[in-house]
Structure formats: C-alpha cells, structure tokens
Amino acid sequence: MRITAAPRTPLARTARRWAPLAGLAAVGLVVAACASSSGTNAGSGGGSSSTPPATGQVLAAAHTGLGTILVDGSGRTVYEFAADKPGVSNCTGSCLQYWPVVTPPATLPASVPGVDATIGEITRSDGMKQVTVNGWPVYRYYKDTKAGATGGQGTNINGGYWWVLSPSGSLIKTAAGSSPSPAPSTSKSSSGGGGWA
C-alpha cells in the first residue's frame with residue numbers, strides 16, 4: 001500500500017514562515033515582564049524613596065518619605081505607642097492583631113550600625129519578649145505589608161497615637177506624605193494622646 005503525504009496548503013507554508021518570529025515575540029514579552037517587575041515598590045501610606053533592604057538585624061535605619069526611620073530586620077517600619085510606658089506595653093489582646101510586637105533574636109546585639117538608640121527587650125505580661133527602643137516597646141503595623149510602608153504613622157488606634165522613630169529613638173510626628181521633620185521628644189505622654197507635632 002502506498003502512502004502519500006498531504007499536499008502543502010498556502011496556510012501551512014505561511015505558518016512555518018512566521019513560527020520563528022512568534023518565538024522571538026514571546027521572548028520579548030517575557031523580558032519586558034521581568035524588567036517591569038524588578039522595580040522597587042515603596043508600599044503604602046507615606047511612601048518611601050526606595051524599599052529598605054532586609055538586613056537580618058533586629059533593627060536598622062532606612063531612608064523613607066518620612067525621613068530616616070527605624071525598621072526591623074526585614075525592612076518593615078517599627079512604631080511606638082503613645083499609651084505605653086517605658087518597659088510596659090499597653091497593647092494587649094485584640095490590639096496585637098493590628099500591632100504585632102517586634103520580637104528580639106535569641107541574643108540581642110549591644111549595638112546596631114546606624115542606630116544610636118539603646119536597644120533592649122522586655123518580657124510582656126503575656127510572657128512574650130518584645131524589643132524596646134530607649135526603653136519603649138516597639139511594634140509593626142499589620143497593614144504595612146511591604147518594606148518601607150508607613151501606613152500606621154500618626155494613627156490614633158487602640159487608645160493612642162502611633163509614631164515612627166528616628167535612629168536615635170526620637171518620635172517622628174510628620175504626617176505621611178508631608179515634608180520629613182523629626183520631632184525630638186524629651187517627654188513622652190503615657191496618656192495616649194499627643195496629636196500631631
């Protein structure tokens with residue numbers, strides 16, 4: 001029995017001619033997609049000029065739209081709660097769903113490059129360890145899902161205001177999106193108030 005090949009149609013010849021070009025176009029799309037996803041995203045709430053890198057340190061200094069602030073080892077902004085007192089956290093229960101504590105490593109470093117504040121730790125009433133900056137407990141904000149986001153800045157939630165900190169541990173009371181102006185704080189109110197600087 002003799003088998004003959006089907007005759008070549010003009011459509012088959014055209015498809016073979018364009019196949020290499022289709023492959024090149026697909027490669028171009030992949031390269032473009034990779035290039036667009038490699039940029040930094042500052043996150044939300046206050047914006048930052050660049051995404052702070054993960055340092056692995058308990059705390060680090062990072063440049064953001066609010067100035068140079070303290071972030072944790074993964075680049076996430078840390079906050080101080082005005083209703084706290086030195087060595088005492090008043091963020092308990094449901095508050096911790098929104099403001100998770102910054103937990104210390106097994107061995108707390110004596111100092112961290114670029115951070116002038118005194119870094120310490122406390123044992124909370126719930127038994128959990130928490131990092132302190134100049135004696136004050138520090139937290140992260142649950143809506144800051146990206147490094148460098150400062151969405152918790154100046155919010156009055158859970159009975160007090162929440163502020164980012166400078167590398168010296170001073171409160172920065174600048175509204176998100178306005179010009180950075182660290183506000184050194186010589187006395188911190190334990191009443192939870194404070195308003196904008």
# chains A, B, ... in the order shown; residues from 1 in each chain; ligands from 1
$ residues_around --residues "Cys95 (chain A)" --least-positions-apart "2" --cutoff "12 Å" --atoms "only C-alpha atoms" --output "VMD selection string"
chain A and resid 81 83 89 to 93 97 to 101 139 to 142 157 to 160
$ residues_around --residues "Lys143 (chain A)" --least-positions-apart "5" --cutoff "12 Å" --atoms "only C-alpha atoms" --output "list of chain:residue names"
A:Gly43, A:Ser44, A:Gly45, A:Arg76, A:Thr77, A:Gln97, A:Tyr98, A:Trp99, A:Pro100, A:Gly148, A:Ala149, A:Thr150, A:Gly151, A:Gly152, A:Gln153
$ write_last_selection --atoms "C-alpha atoms" --output "PDB file, in the first residue's frame"
ATOM      1  CA  GLY A  43       4.421  50.376  49.790  1.00  0.00           C
ATOM      2  CA  SER A  44       1.542  52.499  51.012  1.00  0.00           C
ATOM      3  CA  GLY A  45       0.955  55.195  53.499  1.00  0.00           C
ATOM      4  CA  ARG A  76       9.296  46.790  57.889  1.00  0.00           C
ATOM      5  CA  THR A  77       8.645  50.039  59.751  1.00  0.00           C
ATOM      6  CA  GLN A  97      -3.820  41.744  65.793  1.00  0.00           C
ATOM      7  CA  TYR A  98      -3.160  45.199  64.346  1.00  0.00           C
ATOM      8  CA  TRP A  99       0.170  45.961  66.007  1.00  0.00           C
ATOM      9  CA  PRO A 100       2.315  42.811  66.261  1.00  0.00           C
ATOM     10  CA  GLY A 148       9.158  50.794  53.789  1.00  0.00           C
ATOM     11  CA  ALA A 149       5.369  51.246  54.095  1.00  0.00           C
ATOM     12  CA  THR A 150       4.388  53.701  56.846  1.00  0.00           C
ATOM     13  CA  GLY A 151       0.597  53.357  56.914  1.00  0.00           C
ATOM     14  CA  GLY A 152       0.413  53.407  60.717  1.00  0.00           C
ATOM     15  CA  GLN A 153       2.074  56.810  61.064  1.00  0.00           C
TER      16      GLN A 153
END
$ closest_residue --among "A:Ala60, A:Ser166, A:Asp116, A:Ala110" --to "Gly75 (chain A)" --atoms "only C-alpha atoms"
A:Ala60
$ atom_distance --atom1 "CA of Ser111 (chain A)" --atom2 "CA of Gly135 (chain A)"
14.4 Å
$ closest_residue --among "A:Pro104, A:Gly65, A:Gly154, A:Gly114" --to "Gly169 (chain A)" --atoms "only C-alpha atoms"
A:Gly114
$ closest_residue --among "A:Asn134, A:Thr107, A:Ser94, A:Gln57" --to "Gly120 (chain A)" --atoms "only C-alpha atoms"
A:Asn134
$ atom_distance --atom1 "CA of Pro105 (chain A)" --atom2 "CA of Asp126 (chain A)"
17.9 Å
$ closest_residue --among "A:Ala175, A:Gln130, A:Val102, A:Leu108" --to "Tyr79 (chain A)" --atoms "only C-alpha atoms"
A:Val102
$ residues_around --residues "region 67-69 of chain A" --least-positions-apart "6" --cutoff "6 Å" --atoms "only C-alpha atoms" --output "ChimeraX atom specification"
/A:61,165-167,180
